[in-house]
$ cat entry-v4.cif   # mmCIF, N, CA and C atoms
data_work
#
loop_
_atom_site.label_atom_id
_atom_site.label_comp_id
_atom_site.auth_asym_id
_atom_site.auth_seq_id
_atom_site.Cartn_x
_atom_site.Cartn_y
_atom_site.Cartn_z
N MET A 1 -17.25 60.90 104.38
CA MET A 1 -16.67 59.86 105.15
C MET A 1 -17.71 59.04 105.91
N LEU A 2 -18.71 59.62 106.41
CA LEU A 2 -19.75 58.92 107.16
C LEU A 2 -20.98 58.65 106.30
N VAL A 3 -20.79 58.48 105.04
CA VAL A 3 -21.90 58.29 104.12
C VAL A 3 -22.61 56.97 104.38
N GLY A 4 -21.91 55.86 104.68
CA GLY A 4 -22.50 54.54 104.85
C GLY A 4 -23.14 54.31 106.21
N LEU A 5 -22.90 55.14 107.19
CA LEU A 5 -23.44 54.94 108.54
C LEU A 5 -24.78 55.63 108.70
N HIS A 6 -25.68 54.97 109.36
CA HIS A 6 -26.97 55.58 109.67
C HIS A 6 -27.39 55.09 111.05
N SER A 7 -28.23 55.87 111.71
CA SER A 7 -28.67 55.49 113.04
C SER A 7 -29.74 54.40 112.93
N PRO A 8 -29.75 53.47 113.89
CA PRO A 8 -30.73 52.39 113.82
C PRO A 8 -32.14 52.93 114.03
N ASN A 9 -33.09 52.36 113.33
CA ASN A 9 -34.48 52.78 113.50
C ASN A 9 -35.25 51.72 114.28
N ARG A 10 -36.53 51.97 114.53
CA ARG A 10 -37.35 51.06 115.32
C ARG A 10 -37.46 49.68 114.70
N ALA A 11 -37.47 49.59 113.41
CA ALA A 11 -37.62 48.31 112.73
C ALA A 11 -36.45 47.38 112.99
N THR A 12 -35.27 47.91 113.25
CA THR A 12 -34.11 47.06 113.53
C THR A 12 -33.88 46.86 115.02
N ILE A 13 -34.28 47.79 115.84
CA ILE A 13 -34.06 47.68 117.30
C ILE A 13 -35.04 46.69 117.93
N ARG A 14 -36.31 46.73 117.53
CA ARG A 14 -37.33 45.88 118.16
C ARG A 14 -37.00 44.39 118.07
N PRO A 15 -36.66 43.82 116.92
CA PRO A 15 -36.32 42.39 116.89
C PRO A 15 -35.10 42.04 117.74
N VAL A 16 -34.12 42.92 117.78
CA VAL A 16 -32.93 42.66 118.59
C VAL A 16 -33.29 42.62 120.07
N VAL A 17 -34.13 43.54 120.51
CA VAL A 17 -34.55 43.58 121.91
C VAL A 17 -35.37 42.34 122.26
N VAL A 18 -36.27 41.92 121.38
CA VAL A 18 -37.11 40.74 121.63
C VAL A 18 -36.23 39.48 121.72
N ILE A 19 -35.31 39.33 120.81
CA ILE A 19 -34.42 38.15 120.83
C ILE A 19 -33.57 38.15 122.09
N ALA A 20 -33.03 39.29 122.47
CA ALA A 20 -32.21 39.38 123.69
C ALA A 20 -33.05 39.03 124.92
N TRP A 21 -34.30 39.50 124.98
CA TRP A 21 -35.19 39.20 126.11
C TRP A 21 -35.42 37.70 126.23
N TRP A 22 -35.72 37.01 125.13
CA TRP A 22 -35.97 35.58 125.17
C TRP A 22 -34.72 34.79 125.53
N LEU A 23 -33.58 35.23 125.05
CA LEU A 23 -32.34 34.54 125.41
C LEU A 23 -32.06 34.67 126.91
N LEU A 24 -32.29 35.85 127.48
CA LEU A 24 -32.11 36.03 128.93
C LEU A 24 -33.11 35.19 129.71
N LEU A 25 -34.34 35.13 129.27
CA LEU A 25 -35.36 34.35 129.96
C LEU A 25 -35.03 32.86 129.95
N VAL A 26 -34.68 32.33 128.79
CA VAL A 26 -34.34 30.91 128.68
C VAL A 26 -33.07 30.60 129.48
N GLY A 27 -32.09 31.48 129.45
CA GLY A 27 -30.86 31.28 130.23
C GLY A 27 -31.13 31.26 131.72
N GLY A 28 -32.00 32.16 132.18
CA GLY A 28 -32.36 32.19 133.61
C GLY A 28 -33.08 30.93 134.04
N ILE A 29 -34.00 30.45 133.22
CA ILE A 29 -34.72 29.21 133.55
C ILE A 29 -33.75 28.03 133.58
N ALA A 30 -32.85 27.97 132.62
CA ALA A 30 -31.88 26.86 132.58
C ALA A 30 -30.96 26.88 133.80
N MET A 31 -30.62 28.04 134.29
CA MET A 31 -29.74 28.14 135.46
C MET A 31 -30.41 27.69 136.74
N PHE A 32 -31.70 28.03 136.91
CA PHE A 32 -32.37 27.78 138.18
C PHE A 32 -33.26 26.55 138.18
N ALA A 33 -33.47 25.93 137.06
CA ALA A 33 -34.31 24.73 137.00
C ALA A 33 -33.56 23.55 137.60
N PRO A 34 -34.25 22.70 138.38
CA PRO A 34 -33.56 21.53 138.94
C PRO A 34 -33.21 20.56 137.82
N SER A 35 -32.08 19.91 137.99
CA SER A 35 -31.66 18.95 136.97
C SER A 35 -32.52 17.70 137.09
N SER A 36 -32.86 17.12 135.96
CA SER A 36 -33.65 15.89 135.98
C SER A 36 -32.72 14.70 136.14
N MET A 37 -33.28 13.63 136.68
CA MET A 37 -32.48 12.43 136.91
C MET A 37 -32.40 11.64 135.62
N GLY A 38 -31.20 11.40 135.15
CA GLY A 38 -31.02 10.65 133.91
C GLY A 38 -30.91 9.17 134.17
N ALA A 39 -30.93 8.41 133.10
CA ALA A 39 -30.85 6.95 133.20
C ALA A 39 -29.53 6.51 133.80
N ASP A 40 -28.45 7.27 133.55
CA ASP A 40 -27.16 6.89 134.10
C ASP A 40 -27.12 7.03 135.61
N GLN A 41 -27.90 7.95 136.17
CA GLN A 41 -27.95 8.11 137.61
C GLN A 41 -28.78 7.01 138.25
N LEU A 42 -29.79 6.51 137.55
CA LEU A 42 -30.62 5.45 138.11
C LEU A 42 -29.83 4.15 138.28
N THR A 43 -28.90 3.87 137.39
CA THR A 43 -28.14 2.63 137.48
C THR A 43 -26.97 2.75 138.44
N ALA A 44 -26.74 3.92 139.03
CA ALA A 44 -25.62 4.11 139.94
C ALA A 44 -25.85 3.39 141.28
N ILE A 45 -27.09 3.07 141.61
CA ILE A 45 -27.41 2.39 142.85
C ILE A 45 -27.43 0.89 142.57
N ALA A 46 -26.71 0.13 143.38
CA ALA A 46 -26.64 -1.31 143.19
C ALA A 46 -26.79 -2.02 144.54
N PRO A 47 -27.32 -3.24 144.52
CA PRO A 47 -27.42 -4.00 145.77
C PRO A 47 -26.05 -4.13 146.45
N GLY A 48 -26.06 -3.99 147.78
CA GLY A 48 -24.83 -4.07 148.55
C GLY A 48 -24.22 -2.71 148.84
N GLN A 49 -24.64 -1.71 148.12
CA GLN A 49 -24.09 -0.36 148.29
C GLN A 49 -24.64 0.27 149.57
N ALA A 50 -23.80 1.04 150.25
CA ALA A 50 -24.22 1.74 151.47
C ALA A 50 -24.67 3.14 151.12
N GLY A 51 -25.53 3.69 151.96
CA GLY A 51 -26.02 5.05 151.76
C GLY A 51 -26.68 5.56 153.02
N HIS A 52 -27.33 6.71 152.89
CA HIS A 52 -28.05 7.33 153.99
C HIS A 52 -29.42 7.78 153.50
N ILE A 53 -30.38 7.73 154.40
CA ILE A 53 -31.74 8.16 154.06
C ILE A 53 -31.82 9.67 154.18
N ALA A 54 -32.48 10.29 153.22
CA ALA A 54 -32.76 11.73 153.25
C ALA A 54 -34.28 11.87 153.26
N THR A 55 -34.88 12.00 154.46
CA THR A 55 -36.33 12.10 154.55
C THR A 55 -36.79 13.43 153.97
N PRO A 56 -38.04 13.48 153.46
CA PRO A 56 -38.51 14.69 152.80
C PRO A 56 -38.46 15.95 153.66
N SER A 57 -38.78 15.85 154.92
CA SER A 57 -38.81 17.04 155.77
C SER A 57 -37.67 17.08 156.78
N GLY A 58 -36.81 16.07 156.77
CA GLY A 58 -35.75 16.00 157.77
C GLY A 58 -36.20 15.42 159.09
N ARG A 59 -37.47 15.08 159.19
CA ARG A 59 -38.03 14.50 160.42
C ARG A 59 -38.22 12.99 160.24
N PRO A 60 -38.51 12.26 161.32
CA PRO A 60 -38.79 10.82 161.18
C PRO A 60 -39.91 10.59 160.16
N TRP A 61 -39.84 9.45 159.51
CA TRP A 61 -40.72 9.17 158.38
C TRP A 61 -41.03 7.69 158.36
N LEU A 62 -42.16 7.29 157.80
CA LEU A 62 -42.54 5.88 157.69
C LEU A 62 -42.35 5.41 156.25
N VAL A 63 -41.73 4.24 156.09
CA VAL A 63 -41.60 3.61 154.77
C VAL A 63 -42.23 2.23 154.84
N PRO A 64 -42.83 1.77 153.75
CA PRO A 64 -43.45 0.43 153.75
C PRO A 64 -42.39 -0.67 153.73
N ILE A 65 -42.72 -1.81 154.35
CA ILE A 65 -41.75 -2.90 154.39
C ILE A 65 -41.90 -3.84 153.19
N ASP A 66 -42.99 -3.70 152.42
CA ASP A 66 -43.12 -4.56 151.24
C ASP A 66 -43.34 -3.72 149.98
N ARG A 67 -42.96 -4.31 148.86
CA ARG A 67 -43.00 -3.61 147.57
C ARG A 67 -44.43 -3.29 147.15
N VAL A 68 -45.38 -4.17 147.43
CA VAL A 68 -46.77 -3.95 147.03
C VAL A 68 -47.31 -2.69 147.68
N THR A 69 -47.09 -2.54 148.97
CA THR A 69 -47.55 -1.35 149.67
C THR A 69 -46.86 -0.11 149.13
N TYR A 70 -45.57 -0.21 148.85
CA TYR A 70 -44.84 0.93 148.28
C TYR A 70 -45.51 1.40 146.99
N TYR A 71 -45.83 0.47 146.09
CA TYR A 71 -46.44 0.86 144.82
C TYR A 71 -47.88 1.33 144.99
N GLU A 72 -48.58 0.85 146.03
CA GLU A 72 -49.92 1.38 146.30
C GLU A 72 -49.86 2.84 146.70
N VAL A 73 -48.86 3.19 147.48
CA VAL A 73 -48.71 4.58 147.93
C VAL A 73 -48.20 5.46 146.80
N GLU A 74 -47.28 4.97 145.99
CA GLU A 74 -46.66 5.76 144.95
C GLU A 74 -47.46 5.85 143.66
N ARG A 75 -48.49 5.05 143.51
CA ARG A 75 -49.24 5.05 142.25
C ARG A 75 -49.98 6.38 142.06
N PRO A 76 -50.12 6.82 140.81
CA PRO A 76 -50.90 8.02 140.56
C PRO A 76 -52.37 7.76 140.86
N SER A 77 -53.03 8.75 141.37
CA SER A 77 -54.43 8.59 141.74
C SER A 77 -55.22 9.79 141.24
N SER A 78 -56.47 9.57 140.88
CA SER A 78 -57.31 10.68 140.45
C SER A 78 -57.71 11.52 141.67
N ASP A 79 -57.71 10.91 142.85
CA ASP A 79 -58.01 11.64 144.08
C ASP A 79 -56.74 12.29 144.58
N GLU A 80 -56.87 12.95 145.70
CA GLU A 80 -55.70 13.52 146.34
C GLU A 80 -54.73 12.41 146.74
N ALA A 81 -53.42 12.63 146.61
CA ALA A 81 -52.41 11.63 146.99
C ALA A 81 -52.52 11.30 148.48
N ASP A 82 -52.94 12.28 149.28
CA ASP A 82 -53.06 12.05 150.72
C ASP A 82 -54.13 10.99 151.02
N ASP A 83 -55.17 10.92 150.18
CA ASP A 83 -56.22 9.92 150.39
C ASP A 83 -55.67 8.51 150.26
N VAL A 84 -54.77 8.30 149.30
CA VAL A 84 -54.17 6.98 149.12
C VAL A 84 -53.36 6.61 150.35
N GLN A 85 -52.57 7.54 150.85
CA GLN A 85 -51.75 7.26 152.03
C GLN A 85 -52.63 7.04 153.25
N MET A 86 -53.74 7.73 153.36
CA MET A 86 -54.62 7.54 154.50
C MET A 86 -55.20 6.12 154.48
N ASP A 87 -55.48 5.58 153.29
CA ASP A 87 -56.03 4.23 153.19
C ASP A 87 -54.98 3.17 153.53
N VAL A 88 -53.73 3.39 153.21
CA VAL A 88 -52.68 2.38 153.34
C VAL A 88 -51.99 2.44 154.69
N ARG A 89 -51.73 3.61 155.22
CA ARG A 89 -50.92 3.74 156.44
C ARG A 89 -51.48 3.02 157.67
N PRO A 90 -52.79 2.91 157.85
CA PRO A 90 -53.26 2.18 159.04
C PRO A 90 -52.91 0.70 159.02
N ARG A 91 -52.58 0.15 157.86
CA ARG A 91 -52.20 -1.26 157.79
C ARG A 91 -50.87 -1.49 158.49
N PRO A 92 -50.67 -2.70 159.01
CA PRO A 92 -49.35 -3.00 159.59
C PRO A 92 -48.31 -3.10 158.48
N GLY A 93 -47.06 -2.96 158.85
CA GLY A 93 -46.01 -3.14 157.86
C GLY A 93 -45.29 -1.88 157.47
N TRP A 94 -45.18 -0.94 158.40
CA TRP A 94 -44.46 0.29 158.14
C TRP A 94 -43.24 0.36 159.04
N LEU A 95 -42.18 0.95 158.56
CA LEU A 95 -40.92 1.03 159.28
C LEU A 95 -40.57 2.50 159.49
N ARG A 96 -40.22 2.85 160.71
CA ARG A 96 -39.85 4.24 161.03
C ARG A 96 -38.37 4.45 160.72
N VAL A 97 -38.08 5.50 159.92
CA VAL A 97 -36.70 5.84 159.58
C VAL A 97 -36.47 7.31 159.93
N ILE A 98 -35.19 7.66 160.08
CA ILE A 98 -34.85 9.05 160.39
C ILE A 98 -33.87 9.58 159.34
N ASP A 99 -33.85 10.89 159.23
CA ASP A 99 -32.98 11.55 158.27
C ASP A 99 -31.51 11.26 158.60
N GLY A 100 -30.73 10.86 157.61
CA GLY A 100 -29.31 10.58 157.80
C GLY A 100 -29.00 9.16 158.27
N GLN A 101 -30.02 8.34 158.46
CA GLN A 101 -29.81 6.97 158.95
C GLN A 101 -29.07 6.14 157.90
N ALA A 102 -28.05 5.40 158.34
CA ALA A 102 -27.25 4.56 157.43
C ALA A 102 -28.04 3.33 157.01
N VAL A 103 -27.94 3.01 155.71
CA VAL A 103 -28.64 1.86 155.15
C VAL A 103 -27.75 1.13 154.15
N ARG A 104 -28.15 -0.10 153.84
CA ARG A 104 -27.49 -0.88 152.79
C ARG A 104 -28.56 -1.25 151.79
N VAL A 105 -28.28 -1.06 150.50
CA VAL A 105 -29.23 -1.37 149.43
C VAL A 105 -29.33 -2.88 149.27
N ILE A 106 -30.55 -3.39 149.26
CA ILE A 106 -30.79 -4.82 149.09
C ILE A 106 -31.27 -5.12 147.67
N ASP A 107 -32.21 -4.31 147.19
CA ASP A 107 -32.80 -4.55 145.86
C ASP A 107 -33.16 -3.21 145.23
N VAL A 108 -33.14 -3.15 143.91
CA VAL A 108 -33.52 -1.96 143.16
C VAL A 108 -34.54 -2.38 142.11
N ASP A 109 -35.70 -1.71 142.10
CA ASP A 109 -36.75 -1.97 141.12
C ASP A 109 -37.16 -0.63 140.51
N ARG A 110 -36.58 -0.31 139.35
CA ARG A 110 -36.76 0.99 138.69
C ARG A 110 -36.32 2.10 139.64
N THR A 111 -37.25 2.91 140.13
CA THR A 111 -36.88 3.99 141.05
C THR A 111 -37.17 3.63 142.50
N ALA A 112 -37.62 2.40 142.75
CA ALA A 112 -37.87 1.93 144.11
C ALA A 112 -36.63 1.19 144.61
N VAL A 113 -36.26 1.47 145.85
CA VAL A 113 -35.07 0.86 146.43
C VAL A 113 -35.44 0.21 147.76
N GLN A 114 -35.08 -1.07 147.91
CA GLN A 114 -35.26 -1.75 149.20
C GLN A 114 -33.96 -1.60 149.96
N VAL A 115 -34.08 -1.13 151.21
CA VAL A 115 -32.89 -0.91 152.03
C VAL A 115 -33.01 -1.65 153.35
N GLU A 116 -31.86 -1.95 153.95
CA GLU A 116 -31.78 -2.52 155.29
C GLU A 116 -31.15 -1.46 156.18
N LEU A 117 -31.79 -1.19 157.31
CA LEU A 117 -31.29 -0.17 158.23
C LEU A 117 -30.07 -0.69 158.99
N LEU A 118 -29.03 0.12 159.04
CA LEU A 118 -27.79 -0.28 159.72
C LEU A 118 -27.61 0.42 161.05
N GLU A 119 -28.50 1.35 161.38
CA GLU A 119 -28.41 2.11 162.64
C GLU A 119 -29.77 2.12 163.32
N GLU A 120 -29.74 2.48 164.60
CA GLU A 120 -30.98 2.63 165.37
C GLU A 120 -31.74 3.83 164.84
N PRO A 121 -33.04 3.85 164.92
CA PRO A 121 -33.93 2.80 165.40
C PRO A 121 -34.16 1.74 164.33
N ASN A 122 -34.60 0.61 164.77
CA ASN A 122 -34.99 -0.50 163.88
C ASN A 122 -33.83 -1.09 163.08
N VAL A 123 -32.69 -1.32 163.73
CA VAL A 123 -31.55 -1.94 163.05
C VAL A 123 -31.99 -3.26 162.45
N GLY A 124 -31.61 -3.52 161.20
CA GLY A 124 -31.95 -4.75 160.52
C GLY A 124 -33.30 -4.71 159.81
N GLY A 125 -34.10 -3.69 160.10
CA GLY A 125 -35.39 -3.57 159.42
C GLY A 125 -35.20 -3.27 157.94
N GLN A 126 -36.13 -3.76 157.12
CA GLN A 126 -36.04 -3.55 155.69
C GLN A 126 -37.30 -2.85 155.19
N GLY A 127 -37.10 -1.87 154.31
CA GLY A 127 -38.23 -1.13 153.77
C GLY A 127 -37.93 -0.60 152.38
N TRP A 128 -38.98 -0.12 151.72
CA TRP A 128 -38.88 0.40 150.35
C TRP A 128 -39.05 1.90 150.36
N LEU A 129 -38.22 2.58 149.58
CA LEU A 129 -38.35 4.02 149.43
C LEU A 129 -37.95 4.42 148.02
N HIS A 130 -38.31 5.63 147.66
CA HIS A 130 -37.98 6.14 146.33
C HIS A 130 -36.49 6.48 146.27
N LEU A 131 -35.92 6.29 145.13
CA LEU A 131 -34.49 6.55 144.91
C LEU A 131 -34.08 7.97 145.31
N HIS A 132 -34.99 8.93 145.18
CA HIS A 132 -34.66 10.31 145.54
C HIS A 132 -34.35 10.47 147.03
N TYR A 133 -34.81 9.55 147.86
CA TYR A 133 -34.62 9.65 149.30
C TYR A 133 -33.40 8.87 149.78
N LEU A 134 -32.51 8.52 148.87
CA LEU A 134 -31.30 7.80 149.21
C LEU A 134 -30.09 8.63 148.79
N ARG A 135 -29.18 8.86 149.73
CA ARG A 135 -27.97 9.65 149.47
C ARG A 135 -26.74 8.79 149.76
N PRO A 136 -25.62 9.10 149.12
CA PRO A 136 -24.38 8.33 149.38
C PRO A 136 -23.91 8.49 150.81
#

$ encode --input "entry-v4.cif" --output "structure tokens"
Amino acid sequence: MLVGLHSPNRATIRPVVVIAWWLLLVGGIAMFAPSSMGADQLTAIAPGQAGHIATPSGRPWLVPIDRVTYYEVERPSSDEADDVQMDVRPRPGWLRVIDGQAVRVIDVDRTAVQVELLEEPNVGGQGWLHLHYLRP
């Protein structure tokens, strides 16, 4: 009756264990990896839309008031990124913003967003920030 059954040997167990290990590893990475921003999310922001600023550390932050300065700070550099900001920040033309501050979108240029501040401090001030720092 048990003629067709045999116990599994090493040759059949090893590939099954390796495949199961890789499936668990890939599944774990997929679960905990941050989602990337798709093209459909980039077009969700439009001029006239209201939102709130989400500063990187939750503390007050400086944003440039013109697009040229924004791109100077955001451009890739062979040096440390901090060196670029050290060269640009002493120039005039920075606007202080706080975490959660209400804004209205004025212009969108790829992932750069120009906003107008609707709350203190600096009501009416306009500055540029990355799309990641804008929340509904």

$ atom_distance --input "entry-v4.cif" --atom1 "atom CA of Ala112 of chain A" --atom2 "atom CA of Glu74 of chain A"
9.6 Å

$ atom_distance --input "entry-v4.cif" --atom1 "atom C of Leu118 of chain A" --atom2 "atom C of His130 of chain A"
18.3 Å

$ atom_distance --input "entry-v4.cif" --atom1 "atom CA of Glu116 of chain A" --atom2 "atom CA of Arg135 of chain A"
14.0 Å

$ resolve_selection --input "entry-v4.cif" --expression "the PyMOL selection byres ((chain A and resi 106) around 7)" --output "PDB file with N, CA and C atoms, keeping the file's coordinate frame"
ATOM      1  N   ALA A  46     -26.710   0.130 143.380  1.00  0.00           N
ATOM      2  CA  ALA A  46     -26.640  -1.310 143.190  1.00  0.00           C
ATOM      3  C   ALA A  46     -26.790  -2.020 144.540  1.00  0.00           C
ATOM      4  N   PRO A  47     -27.320  -3.240 144.520  1.00  0.00           N
ATOM      5  CA  PRO A  47     -27.420  -4.000 145.770  1.00  0.00           C
ATOM      6  C   PRO A  47     -26.050  -4.130 146.450  1.00  0.00           C
ATOM      7  N   GLY A  48     -26.060  -3.990 147.780  1.00  0.00           N
ATOM      8  CA  GLY A  48     -24.830  -4.070 148.550  1.00  0.00           C
ATOM      9  C   GLY A  48     -24.220  -2.710 148.840  1.00  0.00           C
ATOM     10  N   GLN A  49     -24.640  -1.710 148.120  1.00  0.00           N
ATOM     11  CA  GLN A  49     -24.090  -0.360 148.290  1.00  0.00           C
ATOM     12  C   GLN A  49     -24.640   0.270 149.570  1.00  0.00           C
ATOM     13  N   ARG A 104     -28.150  -0.100 153.840  1.00  0.00           N
ATOM     14  CA  ARG A 104     -27.490  -0.880 152.790  1.00  0.00           C
ATOM     15  C   ARG A 104     -28.560  -1.250 151.790  1.00  0.00           C
ATOM     16  N   VAL A 105     -28.280  -1.060 150.500  1.00  0.00           N
ATOM     17  CA  VAL A 105     -29.230  -1.370 149.430  1.00  0.00           C
ATOM     18  C   VAL A 105     -29.330  -2.880 149.270  1.00  0.00           C
ATOM     19  N   ASP A 107     -32.210  -4.310 147.190  1.00  0.00           N
ATOM     20  CA  ASP A 107     -32.800  -4.550 145.860  1.00  0.00           C
ATOM     21  C   ASP A 107     -33.160  -3.210 145.230  1.00  0.00           C
ATOM     22  N   VAL A 108     -33.140  -3.150 143.910  1.00  0.00           N
ATOM     23  CA  VAL A 108     -33.520  -1.960 143.160  1.00  0.00           C
ATOM     24  C   VAL A 108     -34.540  -2.380 142.110  1.00  0.00           C
ATOM     25  N   VAL A 113     -36.260   1.470 145.850  1.00  0.00           N
ATOM     26  CA  VAL A 113     -35.070   0.860 146.430  1.00  0.00           C
ATOM     27  C   VAL A 113     -35.440   0.210 147.760  1.00  0.00           C
ATOM     28  N   GLN A 114     -35.080  -1.070 147.910  1.00  0.00           N
ATOM     29  CA  GLN A 114     -35.260  -1.750 149.200  1.00  0.00           C
ATOM     30  C   GLN A 114     -33.960  -1.600 149.960  1.00  0.00           C
ATOM     31  N   VAL A 115     -34.080  -1.130 151.210  1.00  0.00           N
ATOM     32  CA  VAL A 115     -32.890  -0.910 152.030  1.00  0.00           C
ATOM     33  C   VAL A 115     -33.010  -1.650 153.350  1.00  0.00           C
ATOM     34  N   GLU A 116     -31.860  -1.950 153.950  1.00  0.00           N
ATOM     35  CA  GLU A 116     -31.780  -2.520 155.290  1.00  0.00           C
ATOM     36  C   GLU A 116     -31.150  -1.460 156.180  1.00  0.00           C
TER      37      GLU A 116
END

$ residues_around --input "entry-v4.cif" --residues "His52 of chain A" --least-positions-apart "4" --cutoff "7 Å" --atoms "only C-alpha atoms" --output "list in words"
Gly100, Gln101, Ala102, Val103, Leu134, Arg135 and Pro136 of chain A

$ residues_around --input "entry-v4.cif" --residues "segment 59-68 of chain A" --least-positions-apart "6" --cutoff "5 Å" --atoms "all atoms listed in the file" --output "compact mmCIF listing (two decimals) with N, CA and C atoms, in the frame of the given file"
# COMPACT_ATOMS: atom_id res chain seq x y z
N GLY A 93 -47.06 -2.96 158.85
CA GLY A 93 -46.01 -3.14 157.86
C GLY A 93 -45.29 -1.88 157.47
N TRP A 94 -45.18 -0.94 158.40
CA TRP A 94 -44.46 0.29 158.14
C TRP A 94 -43.24 0.36 159.04
N LEU A 95 -42.18 0.95 158.56
CA LEU A 95 -40.92 1.03 159.28
C LEU A 95 -40.57 2.50 159.49
N ARG A 96 -40.22 2.85 160.71
CA ARG A 96 -39.85 4.24 161.03
C ARG A 96 -38.37 4.45 160.72
N VAL A 97 -38.08 5.50 159.92
CA VAL A 97 -36.70 5.84 159.58
C VAL A 97 -36.47 7.31 159.93
N ILE A 98 -35.19 7.66 160.08
CA ILE A 98 -34.85 9.05 160.39
C ILE A 98 -33.87 9.58 159.34
N ASP A 99 -33.85 10.89 159.23
CA ASP A 99 -32.98 11.55 158.27
C ASP A 99 -31.51 11.26 158.60
N GLN A 126 -36.13 -3.76 157.12
CA GLN A 126 -36.04 -3.55 155.69
C GLN A 126 -37.30 -2.85 155.19
N GLY A 127 -37.10 -1.87 154.31
CA GLY A 127 -38.23 -1.13 153.77
C GLY A 127 -37.93 -0.60 152.38
N TRP A 128 -38.98 -0.12 151.72
CA TRP A 128 -38.88 0.40 150.35
C TRP A 128 -39.05 1.90 150.36
